[in-house]
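Enquirer: Encoded as structure tokens, here's the structure I'll be asking about.
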Amino acid sequence: PISILMSAGIKEILIITTPEDSSSFKKLLGNGNQFGCEFTYAIQKVPNGLAQAFVIGEEFIGDDSVALILGDNIFYGTGLDALLMENTDSSGGVVFAYHVSDPERYGVVEFDENQNAISIEEKPENPKSNYAVPGLYFYDNSVIKIAKGLKLSPRGEYEITDINSIYLEKGQLKVGVLDRGTAWLDTGTHNSLMQASQYVQVIEERQGLKIGCLEEIAFKKGFISKENLISLARPLVKSGYGNYLMQ
């Protein structure tokens, strides 16, 4: 997820975790300076919905537009970087649609005959389409006010789908359909985590290229210099990961 935000040119990132996991993330990622980024941390004490991210992060967001990505979502595919860059300064909201076989697990978007989005439902028992909304969202600054005004859903959460529905009702929600060649992997279950691991292994071994390599992305985006990259790689040479970075 961090690699996706960095690929979109985003350098200031707020990482929201549970109270129990916060210290582990800080130890792993630090302040982000090694990647030419700035990582800030916040805690969601109660798991009461994705939409709370904008309330928790209000001070961090300030007057800017904002992107939200879920920590268990993996995206990979040709043209994805360009697509992300197009939406980093959105007017209104931007979400994506992805064809899946089990839409009842996700927020589902319904299209009319002209491929215009007409409704979005959260984990419906009877989905109106097979197009799920992946965990990647772009909004203008008004999302903070919208999030503050939400009421708890029957599931007991502040739903991101309710935010999307409000933007849709205002005619301010853009829904882009991800290409069939794009991979979206939701690793929220043990089975899906295993599948994602196998996918990444196959692609990396076949292509000889890493997926989600923060050091490589930081260098290619110009966040860090070649010298910075080499200094990050040297302590990791014995693992093989450092050799990849040195190449």
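Each chain in the structure tokens gets a letter, A, B, ..., in the order shown, and its residues are numbered from 1; ligands are numbered from 1 in order too.
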Excluding same-chain residues fewer than 3 positions from stretch 57-60 of chain A, what lies within 12 Å of it counting only C-alpha atoms, as a PDB file with all heavy atoms, in the first residue's frame?
Expert:
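Printed below is selection_4.pdb as written:
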```pdb
ATOM      1  N   GLU A  12       3.902  12.420   1.822  1.00  0.00           N
ATOM      2  CA  GLU A  12       3.449  12.601   3.197  1.00  0.00           C
ATOM      3  C   GLU A  12       2.349  11.586   3.476  1.00  0.00           C
ATOM      4  O   GLU A  12       1.269  11.653   2.883  1.00  0.00           O
ATOM      5  CB  GLU A  12       2.940  14.020   3.409  1.00  0.00           C
ATOM      6  CG  GLU A  12       4.008  15.098   3.194  1.00  0.00           C
ATOM      7  CD  GLU A  12       3.450  16.500   3.343  1.00  0.00           C
ATOM      8  OE1 GLU A  12       2.354  16.652   3.922  1.00  0.00           O
ATOM      9  OE2 GLU A  12       4.099  17.440   2.862  1.00  0.00           O
ATOM     10  N   ILE A  13       2.625  10.648   4.371  1.00  0.00           N
ATOM     11  CA  ILE A  13       1.729   9.507   4.578  1.00  0.00           C
ATOM     12  C   ILE A  13       1.437   9.334   6.058  1.00  0.00           C
ATOM     13  O   ILE A  13       2.352   9.294   6.889  1.00  0.00           O
ATOM     14  CB  ILE A  13       2.361   8.218   4.009  1.00  0.00           C
ATOM     15  CG1 ILE A  13       2.599   8.367   2.494  1.00  0.00           C
ATOM     16  CG2 ILE A  13       1.475   7.008   4.294  1.00  0.00           C
ATOM     17  CD1 ILE A  13       3.373   7.213   1.879  1.00  0.00           C
ATOM     18  N   LEU A  14       0.160   9.238   6.376  1.00  0.00           N
ATOM     19  CA  LEU A  14      -0.287   8.947   7.742  1.00  0.00           C
ATOM     20  C   LEU A  14      -0.639   7.469   7.816  1.00  0.00           C
ATOM     21  O   LEU A  14      -1.484   6.981   7.063  1.00  0.00           O
ATOM     22  CB  LEU A  14      -1.508   9.795   8.104  1.00  0.00           C
ATOM     23  CG  LEU A  14      -2.145   9.519   9.472  1.00  0.00           C
ATOM     24  CD1 LEU A  14      -1.187   9.897  10.605  1.00  0.00           C
ATOM     25  CD2 LEU A  14      -3.473  10.273   9.618  1.00  0.00           C
ATOM     26  N   ILE A  15       0.000   6.755   8.722  1.00  0.00           N
ATOM     27  CA  ILE A  15      -0.241   5.318   8.895  1.00  0.00           C
ATOM     28  C   ILE A  15      -1.091   5.120  10.134  1.00  0.00           C
ATOM     29  O   ILE A  15      -0.659   5.419  11.252  1.00  0.00           O
ATOM     30  CB  ILE A  15       1.095   4.561   9.017  1.00  0.00           C
ATOM     31  CG1 ILE A  15       1.937   4.780   7.753  1.00  0.00           C
ATOM     32  CG2 ILE A  15       0.848   3.073   9.250  1.00  0.00           C
ATOM     33  CD1 ILE A  15       3.360   4.274   7.859  1.00  0.00           C
ATOM     34  N   ILE A  16      -2.309   4.636   9.947  1.00  0.00           N
ATOM     35  CA  ILE A  16      -3.252   4.448  11.053  1.00  0.00           C
ATOM     36  C   ILE A  16      -3.284   2.963  11.414  1.00  0.00           C
ATOM     37  O   ILE A  16      -3.552   2.118  10.563  1.00  0.00           O
ATOM     38  CB  ILE A  16      -4.661   4.943  10.671  1.00  0.00           C
ATOM     39  CG1 ILE A  16      -4.607   6.428  10.285  1.00  0.00           C
ATOM     40  CG2 ILE A  16      -5.640   4.735  11.825  1.00  0.00           C
ATOM     41  CD1 ILE A  16      -5.942   6.985   9.788  1.00  0.00           C
ATOM     42  N   THR A  17      -3.034   2.662  12.683  1.00  0.00           N
ATOM     43  CA  THR A  17      -2.968   1.275  13.123  1.00  0.00           C
ATOM     44  C   THR A  17      -3.800   1.070  14.386  1.00  0.00           C
ATOM     45  O   THR A  17      -4.341   2.010  14.953  1.00  0.00           O
ATOM     46  CB  THR A  17      -1.508   0.869  13.447  1.00  0.00           C
ATOM     47  OG1 THR A  17      -1.101   1.532  14.655  1.00  0.00           O
ATOM     48  CG2 THR A  17      -0.566   1.267  12.329  1.00  0.00           C
ATOM     49  N   GLU A  38       7.745  11.313   4.425  1.00  0.00           N
ATOM     50  CA  GLU A  38       7.467  11.681   5.813  1.00  0.00           C
ATOM     51  C   GLU A  38       6.302  10.827   6.311  1.00  0.00           C
ATOM     52  O   GLU A  38       5.168  11.003   5.884  1.00  0.00           O
ATOM     53  CB  GLU A  38       7.109  13.165   5.911  1.00  0.00           C
ATOM     54  CG  GLU A  38       6.818  13.635   7.329  1.00  0.00           C
ATOM     55  CD  GLU A  38       6.439  15.094   7.400  1.00  0.00           C
ATOM     56  OE1 GLU A  38       6.762  15.844   6.460  1.00  0.00           O
ATOM     57  OE2 GLU A  38       5.801  15.495   8.398  1.00  0.00           O
ATOM     58  N   PHE A  39       6.602   9.885   7.198  1.00  0.00           N
ATOM     59  CA  PHE A  39       5.585   9.005   7.763  1.00  0.00           C
ATOM     60  C   PHE A  39       5.171   9.532   9.134  1.00  0.00           C
ATOM     61  O   PHE A  39       6.010   9.806   9.991  1.00  0.00           O
ATOM     62  CB  PHE A  39       6.105   7.582   7.923  1.00  0.00           C
ATOM     63  CG  PHE A  39       6.440   6.886   6.621  1.00  0.00           C
ATOM     64  CD1 PHE A  39       7.248   5.753   6.612  1.00  0.00           C
ATOM     65  CD2 PHE A  39       5.961   7.356   5.414  1.00  0.00           C
ATOM     66  CE1 PHE A  39       7.558   5.104   5.432  1.00  0.00           C
ATOM     67  CE2 PHE A  39       6.268   6.723   4.221  1.00  0.00           C
ATOM     68  CZ  PHE A  39       7.072   5.604   4.231  1.00  0.00           C
ATOM     69  N   THR A  40       3.865   9.653   9.310  1.00  0.00           N
ATOM     70  CA  THR A  40       3.294  10.039  10.591  1.00  0.00           C
ATOM     71  C   THR A  40       2.375   8.903  11.036  1.00  0.00           C
ATOM     72  O   THR A  40       1.842   8.170  10.194  1.00  0.00           O
ATOM     73  CB  THR A  40       2.490  11.353  10.453  1.00  0.00           C
ATOM     74  OG1 THR A  40       3.322  12.345   9.845  1.00  0.00           O
ATOM     75  CG2 THR A  40       2.010  11.864  11.805  1.00  0.00           C
ATOM     76  N   TYR A  41       2.184   8.767  12.329  1.00  0.00           N
ATOM     77  CA  TYR A  41       1.409   7.640  12.838  1.00  0.00           C
ATOM     78  C   TYR A  41       0.219   8.117  13.686  1.00  0.00           C
ATOM     79  O   TYR A  41       0.299   9.127  14.379  1.00  0.00           O
ATOM     80  CB  TYR A  41       2.302   6.715  13.675  1.00  0.00           C
ATOM     81  CG  TYR A  41       3.406   6.083  12.865  1.00  0.00           C
ATOM     82  CD1 TYR A  41       4.614   6.754  12.665  1.00  0.00           C
ATOM     83  CD2 TYR A  41       3.240   4.841  12.276  1.00  0.00           C
ATOM     84  CE1 TYR A  41       5.628   6.190  11.909  1.00  0.00           C
ATOM     85  CE2 TYR A  41       4.252   4.270  11.521  1.00  0.00           C
ATOM     86  CZ  TYR A  41       5.435   4.947  11.338  1.00  0.00           C
ATOM     87  OH  TYR A  41       6.435   4.392  10.576  1.00  0.00           O
ATOM     88  N   ALA A  42      -0.855   7.366  13.599  1.00  0.00           N
ATOM     89  CA  ALA A  42      -2.040   7.626  14.412  1.00  0.00           C
ATOM     90  C   ALA A  42      -2.672   6.290  14.777  1.00  0.00           C
ATOM     91  O   ALA A  42      -2.412   5.269  14.132  1.00  0.00           O
ATOM     92  CB  ALA A  42      -3.039   8.506  13.665  1.00  0.00           C
ATOM     93  N   ILE A  43      -3.505   6.306  15.792  1.00  0.00           N
ATOM     94  CA  ILE A  43      -4.121   5.074  16.291  1.00  0.00           C
ATOM     95  C   ILE A  43      -5.641   5.144  16.164  1.00  0.00           C
ATOM     96  O   ILE A  43      -6.246   6.173  16.482  1.00  0.00           O
ATOM     97  CB  ILE A  43      -3.731   4.840  17.767  1.00  0.00           C
ATOM     98  CG1 ILE A  43      -2.251   4.459  17.862  1.00  0.00           C
ATOM     99  CG2 ILE A  43      -4.595   3.764  18.408  1.00  0.00           C
ATOM    100  CD1 ILE A  43      -1.727   4.357  19.278  1.00  0.00           C
ATOM    101  N   GLN A  44      -6.236   4.077  15.693  1.00  0.00           N
ATOM    102  CA  GLN A  44      -7.684   3.911  15.730  1.00  0.00           C
ATOM    103  C   GLN A  44      -7.984   2.947  16.880  1.00  0.00           C
ATOM    104  O   GLN A  44      -7.721   1.751  16.779  1.00  0.00           O
ATOM    105  CB  GLN A  44      -8.217   3.358  14.403  1.00  0.00           C
ATOM    106  CG  GLN A  44      -9.748   3.292  14.362  1.00  0.00           C
ATOM    107  CD  GLN A  44     -10.285   2.731  13.041  1.00  0.00           C
ATOM    108  OE1 GLN A  44      -9.676   1.851  12.441  1.00  0.00           O
ATOM    109  NE2 GLN A  44     -11.421   3.249  12.596  1.00  0.00           N
ATOM    110  N   LEU A  50     -13.771   2.424   8.100  1.00  0.00           N
ATOM    111  CA  LEU A  50     -12.732   3.094   7.326  1.00  0.00           C
ATOM    112  C   LEU A  50     -12.915   4.600   7.276  1.00  0.00           C
ATOM    113  O   LEU A  50     -11.937   5.358   7.245  1.00  0.00           O
ATOM    114  CB  LEU A  50     -12.724   2.553   5.893  1.00  0.00           C
ATOM    115  CG  LEU A  50     -12.497   1.057   5.712  1.00  0.00           C
ATOM    116  CD1 LEU A  50     -12.564   0.704   4.239  1.00  0.00           C
ATOM    117  CD2 LEU A  50     -11.166   0.652   6.309  1.00  0.00           C
ATOM    118  N   ALA A  51     -14.164   5.053   7.270  1.00  0.00           N
ATOM    119  CA  ALA A  51     -14.434   6.480   7.131  1.00  0.00           C
ATOM    120  C   ALA A  51     -13.857   7.291   8.285  1.00  0.00           C
ATOM    121  O   ALA A  51     -13.610   8.489   8.146  1.00  0.00           O
ATOM    122  CB  ALA A  51     -15.937   6.724   7.023  1.00  0.00           C
ATOM    123  N   GLN A  52     -13.621   6.645   9.417  1.00  0.00           N
ATOM    124  CA  GLN A  52     -13.039   7.343  10.558  1.00  0.00           C
ATOM    125  C   GLN A  52     -11.610   7.796  10.291  1.00  0.00           C
ATOM    126  O   GLN A  52     -11.078   8.650  11.012  1.00  0.00           O
ATOM    127  CB  GLN A  52     -13.070   6.448  11.802  1.00  0.00           C
ATOM    128  CG  GLN A  52     -14.427   6.383  12.482  1.00  0.00           C
ATOM    129  CD  GLN A  52     -14.852   7.726  13.034  1.00  0.00           C
ATOM    130  OE1 GLN A  52     -15.590   8.472  12.382  1.00  0.00           O
ATOM    131  NE2 GLN A  52     -14.402   8.043  14.227  1.00  0.00           N
ATOM    132  N   ALA A  53     -10.988   7.259   9.268  1.00  0.00           N
ATOM    133  CA  ALA A  53      -9.618   7.662   8.934  1.00  0.00           C
ATOM    134  C   ALA A  53      -9.534   9.164   8.679  1.00  0.00           C
ATOM    135  O   ALA A  53      -8.537   9.812   9.030  1.00  0.00           O
ATOM    136  CB  ALA A  53      -9.132   6.895   7.708  1.00  0.00           C
ATOM    137  N   PHE A  54     -10.584   9.729   8.088  1.00  0.00           N
ATOM    138  CA  PHE A  54     -10.558  11.156   7.755  1.00  0.00           C
ATOM    139  C   PHE A  54     -10.796  12.034   8.977  1.00  0.00           C
ATOM    140  O   PHE A  54     -10.372  13.186   9.007  1.00  0.00           O
ATOM    141  CB  PHE A  54     -11.594  11.440   6.672  1.00  0.00           C
ATOM    142  CG  PHE A  54     -11.397  10.601   5.447  1.00  0.00           C
ATOM    143  CD1 PHE A  54     -12.284   9.573   5.137  1.00  0.00           C
ATOM    144  CD2 PHE A  54     -10.311  10.798   4.608  1.00  0.00           C
ATOM    145  CE1 PHE A  54     -12.096   8.777   4.025  1.00  0.00           C
ATOM    146  CE2 PHE A  54     -10.112   9.998   3.496  1.00  0.00           C
ATOM    147  CZ  PHE A  54     -11.010   8.994   3.210  1.00  0.00           C
ATOM    148  N   ASP A  63      -5.741  21.323   4.690  1.00  0.00           N
ATOM    149  CA  ASP A  63      -6.589  21.835   3.606  1.00  0.00           C
ATOM    150  C   ASP A  63      -6.355  21.099   2.286  1.00  0.00           C
ATOM    151  O   ASP A  63      -6.843  21.526   1.239  1.00  0.00           O
ATOM    152  CB  ASP A  63      -6.318  23.333   3.396  1.00  0.00           C
ATOM    153  CG  ASP A  63      -6.685  24.162   4.615  1.00  0.00           C
ATOM    154  OD1 ASP A  63      -7.670  23.814   5.290  1.00  0.00           O
ATOM    155  OD2 ASP A  63      -5.975  25.148   4.899  1.00  0.00           O
ATOM    156  N   ASP A  64      -5.628  20.000   2.350  1.00  0.00           N
ATOM    157  CA  ASP A  64      -5.263  19.295   1.122  1.00  0.00           C
ATOM    158  C   ASP A  64      -6.323  18.278   0.700  1.00  0.00           C
ATOM    159  O   ASP A  64      -7.196  17.906   1.479  1.00  0.00           O
ATOM    160  CB  ASP A  64      -3.935  18.553   1.315  1.00  0.00           C
ATOM    161  CG  ASP A  64      -2.767  19.506   1.533  1.00  0.00           C
ATOM    162  OD1 ASP A  64      -2.800  20.610   0.974  1.00  0.00           O
ATOM    163  OD2 ASP A  64      -1.831  19.130   2.265  1.00  0.00           O
ATOM    164  N   SER A  65      -6.198  17.811  -0.540  1.00  0.00           N
ATOM    165  CA  SER A  65      -6.939  16.634  -0.972  1.00  0.00           C
ATOM    166  C   SER A  65      -6.233  15.422  -0.357  1.00  0.00           C
ATOM    167  O   SER A  65      -5.134  15.540   0.179  1.00  0.00           O
ATOM    168  CB  SER A  65      -6.969  16.527  -2.495  1.00  0.00           C
ATOM    169  OG  SER A  65      -5.663  16.565  -3.028  1.00  0.00           O
ATOM    170  N   VAL A  66      -6.855  14.240  -0.452  1.00  0.00           N
ATOM    171  CA  VAL A  66      -6.320  13.110   0.290  1.00  0.00           C
ATOM    172  C   VAL A  66      -6.591  11.794  -0.437  1.00  0.00           C
ATOM    173  O   VAL A  66      -7.578  11.663  -1.166  1.00  0.00           O
ATOM    174  CB  VAL A  66      -6.939  13.067   1.718  1.00  0.00           C
ATOM    175  CG1 VAL A  66      -8.450  12.892   1.643  1.00  0.00           C
ATOM    176  CG2 VAL A  66      -6.308  11.974   2.575  1.00  0.00           C
ATOM    177  N   ALA A  67      -5.692  10.861  -0.240  1.00  0.00           N
ATOM    178  CA  ALA A  67      -5.876   9.491  -0.737  1.00  0.00           C
ATOM    179  C   ALA A  67      -5.922   8.548   0.456  1.00  0.00           C
ATOM    180  O   ALA A  67      -5.256   8.780   1.467  1.00  0.00           O
ATOM    181  CB  ALA A  67      -4.739   9.101  -1.670  1.00  0.00           C
ATOM    182  N   LEU A  68      -6.702   7.509   0.341  1.00  0.00           N
ATOM    183  CA  LEU A  68      -6.791   6.473   1.374  1.00  0.00           C
ATOM    184  C   LEU A  68      -6.589   5.118   0.713  1.00  0.00           C
ATOM    185  O   LEU A  68      -7.217   4.819  -0.305  1.00  0.00           O
ATOM    186  CB  LEU A  68      -8.156   6.511   2.063  1.00  0.00           C
ATOM    187  CG  LEU A  68      -8.472   5.359   3.040  1.00  0.00           C
ATOM    188  CD1 LEU A  68      -7.566   5.437   4.270  1.00  0.00           C
ATOM    189  CD2 LEU A  68      -9.944   5.391   3.464  1.00  0.00           C
ATOM    190  N   ASN A 141     -10.953  17.895  -0.216  1.00  0.00           N
ATOM    191  CA  ASN A 141     -10.898  18.153   1.219  1.00  0.00           C
ATOM    192  C   ASN A 141     -12.255  18.084   1.907  1.00  0.00           C
ATOM    193  O   ASN A 141     -12.317  17.914   3.133  1.00  0.00           O
ATOM    194  CB  ASN A 141     -10.257  19.527   1.469  1.00  0.00           C
ATOM    195  CG  ASN A 141      -9.872  19.732   2.908  1.00  0.00           C
ATOM    196  OD1 ASN A 141     -10.585  20.406   3.654  1.00  0.00           O
ATOM    197  ND2 ASN A 141      -8.777  19.120   3.337  1.00  0.00           N
ATOM    198  N   SER A 142     -13.338  18.153   1.150  1.00  0.00           N
ATOM    199  CA  SER A 142     -14.669  18.111   1.767  1.00  0.00           C
ATOM    200  C   SER A 142     -14.977  16.754   2.382  1.00  0.00           C
ATOM    201  O   SER A 142     -15.961  16.611   3.118  1.00  0.00           O
ATOM    202  CB  SER A 142     -15.753  18.486   0.745  1.00  0.00           C
ATOM    203  OG  SER A 142     -15.802  17.545  -0.315  1.00  0.00           O
ATOM    204  N   VAL A 143     -14.139  15.751   2.121  1.00  0.00           N
ATOM    205  CA  VAL A 143     -14.375  14.416   2.687  1.00  0.00           C
ATOM    206  C   VAL A 143     -14.323  14.457   4.219  1.00  0.00           C
ATOM    207  O   VAL A 143     -14.994  13.658   4.886  1.00  0.00           O
ATOM    208  CB  VAL A 143     -13.361  13.401   2.132  1.00  0.00           C
ATOM    209  CG1 VAL A 143     -11.958  13.645   2.699  1.00  0.00           C
ATOM    210  CG2 VAL A 143     -13.798  11.977   2.439  1.00  0.00           C
ATOM    211  N   ILE A 144     -13.569  15.390   4.782  1.00  0.00           N
ATOM    212  CA  ILE A 144     -13.482  15.480   6.244  1.00  0.00           C
ATOM    213  C   ILE A 144     -14.850  15.827   6.827  1.00  0.00           C
ATOM    214  O   ILE A 144     -15.328  15.183   7.776  1.00  0.00           O
ATOM    215  CB  ILE A 144     -12.439  16.530   6.664  1.00  0.00           C
ATOM    216  CG1 ILE A 144     -11.055  16.126   6.177  1.00  0.00           C
ATOM    217  CG2 ILE A 144     -12.444  16.703   8.188  1.00  0.00           C
ATOM    218  CD1 ILE A 144      -9.990  17.187   6.417  1.00  0.00           C
ATOM    219  N   LYS A 145     -15.495  16.838   6.271  1.00  0.00           N
ATOM    220  CA  LYS A 145     -16.809  17.252   6.751  1.00  0.00           C
ATOM    221  C   LYS A 145     -17.835  16.146   6.547  1.00  0.00           C
ATOM    222  O   LYS A 145     -18.681  15.882   7.411  1.00  0.00           O
ATOM    223  CB  LYS A 145     -17.256  18.524   6.031  1.00  0.00           C
ATOM    224  CG  LYS A 145     -18.598  19.068   6.501  1.00  0.00           C
ATOM    225  CD  LYS A 145     -18.943  20.358   5.779  1.00  0.00           C
ATOM    226  CE  LYS A 145     -20.302  20.905   6.256  1.00  0.00           C
ATOM    227  NZ  LYS A 145     -20.635  22.166   5.544  1.00  0.00           N
ATOM    228  N   ILE A 146     -17.748  15.467   5.411  1.00  0.00           N
ATOM    229  CA  ILE A 146     -18.681  14.381   5.124  1.00  0.00           C
ATOM    230  C   ILE A 146     -18.501  13.255   6.139  1.00  0.00           C
ATOM    231  O   ILE A 146     -19.474  12.722   6.683  1.00  0.00           O
ATOM    232  CB  ILE A 146     -18.469  13.855   3.685  1.00  0.00           C
ATOM    233  CG1 ILE A 146     -18.869  14.922   2.671  1.00  0.00           C
ATOM    234  CG2 ILE A 146     -19.264  12.570   3.461  1.00  0.00           C
ATOM    235  CD1 ILE A 146     -18.533  14.554   1.231  1.00  0.00           C
ATOM    236  N   ALA A 147     -17.251  12.899   6.415  1.00  0.00           N
ATOM    237  CA  ALA A 147     -16.965  11.815   7.355  1.00  0.00           C
ATOM    238  C   ALA A 147     -17.468  12.147   8.756  1.00  0.00           C
ATOM    239  O   ALA A 147     -17.983  11.284   9.474  1.00  0.00           O
ATOM    240  CB  ALA A 147     -15.468  11.527   7.386  1.00  0.00           C
ATOM    241  N   LYS A 148     -17.327  13.401   9.147  1.00  0.00           N
ATOM    242  CA  LYS A 148     -17.785  13.817  10.482  1.00  0.00           C
ATOM    243  C   LYS A 148     -19.299  13.721  10.619  1.00  0.00           C
ATOM    244  O   LYS A 148     -19.820  13.545  11.729  1.00  0.00           O
ATOM    245  CB  LYS A 148     -17.342  15.253  10.764  1.00  0.00           C
ATOM    246  CG  LYS A 148     -15.870  15.396  11.106  1.00  0.00           C
ATOM    247  CD  LYS A 148     -15.565  16.844  11.450  1.00  0.00           C
ATOM    248  CE  LYS A 148     -14.168  17.017  11.996  1.00  0.00           C
ATOM    249  NZ  LYS A 148     -13.886  18.433  12.350  1.00  0.00           N
TER     250      LYS A 148
END
```
Enquirer: Taking only C-alpha atoms into account, produce a table as a Markdown table in which each residue of stretch 11-86 of chain A with an atom at most 10 Å from an atom of stretch 193-201 of chain A appears once, together with its shortest atom pair and the distance in Å to one decimal, ordered by chain and rising number.
Expert:
```
| residue | atom | partner | partner_atom | distance |
| --- | --- | --- | --- | --- |
| A:Asp72 | CA | A:Leu193 | CA | 8.7 |
| A:Asn73 | CA | A:Ala196 | CA | 9.6 |
| A:Ile74 | CA | A:Ala196 | CA | 8.0 |
| A:Tyr76 | CA | A:Val200 | CA | 9.4 |
```
Enquirer: As an exercise, work out the distance from atom CA of A:Ser3 to atom CA of A:Gly212 in Å and give it to one decimal place.
Expert: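 That distance, rounded to one decimal, is 5.2 Å.
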Enquirer: Select, from A:Glu227, A:Tyr137, A:Ala233, A:Lys128, the residue with the minimum atom-to-atom distance to A:Leu214, counting only C-alpha atoms.
Expert: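 Closest candidate: A:Ala233.
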Enquirer: In Å, rounded to a single decimal, give me how far atom CA of A:Gly71 is from atom CA of A:Leu136.
Expert: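 Interatomic distance here is 9.9 Å.
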Enquirer: For stretch 161-177 of chain A, find every residue with an atom within 7 Å (counting only C-alpha atoms), except residues of its own chain fewer than 3 positions away, and show them as a list in words.
Expert: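 With the cut-off at 7 Å, the set is Gly92, Gly93, Val94, Val95, Phe96, Ala97, Tyr98, Gly107, Ala117, Ile120, Glu121, Glu122, Ile146 and Ala147 of chain A.
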Enquirer: Write a file of the selected residues as a JSON list (two decimals), in the first residue's frame, keeping C-alpha atoms.
Expert:
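Once everything was written out, this is part.json:
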```
[["chain", "number", "residue", "atom", "x", "y", "z"],
["A", 92, "GLY", "CA", -14.81, 15.42, -5.74],
["A", 93, "GLY", "CA", -14.12, 11.74, -5.24],
["A", 94, "VAL", "CA", -12.44, 9.05, -7.31],
["A", 95, "VAL", "CA", -12.84, 5.32, -6.72],
["A", 96, "PHE", "CA", -12.23, 2.28, -8.88],
["A", 97, "ALA", "CA", -14.20, -0.79, -9.90],
["A", 98, "TYR", "CA", -12.81, -4.28, -10.35],
["A", 107, "GLY", "CA", -18.58, -2.51, -1.63],
["A", 117, "ALA", "CA", -22.18, 4.52, -11.81],
["A", 120, "ILE", "CA", -22.88, 1.73, -4.42],
["A", 121, "GLU", "CA", -23.72, -0.77, -1.68],
["A", 122, "GLU", "CA", -21.58, -2.17, 1.13],
["A", 146, "ILE", "CA", -18.68, 14.38, 5.12],
["A", 147, "ALA", "CA", -16.96, 11.82, 7.35]]
```
Enquirer: Counting only C-alpha atoms, which of A:Ile118, A:Met6, A:Val202, A:Ile69 gets nearest to A:Gly135?
Expert: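 Of the candidates, the smallest distance to A:Gly135 is held by A:Ile69.
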Enquirer: Based on the backbone DSSP call, show me all residues of stretch 21-108 of chain A assigned alpha helix (DSSP H), as an NGL selection string.
Expert: :A and (22-29 or 52-56 or 58-61 or 80-85)
Enquirer: My list of candidates is A:Gly36, A:Pro154, A:Pro19, A:Gly9. Which is closest to A:Asn228 when distances are computed with only C-alpha atoms?
Expert: A:Gly36
Enquirer: Between atom CA of A:Pro124 and atom CA of A:Glu104, what distance in Å does the model show, to one decimal?
Expert: 5.4 Å
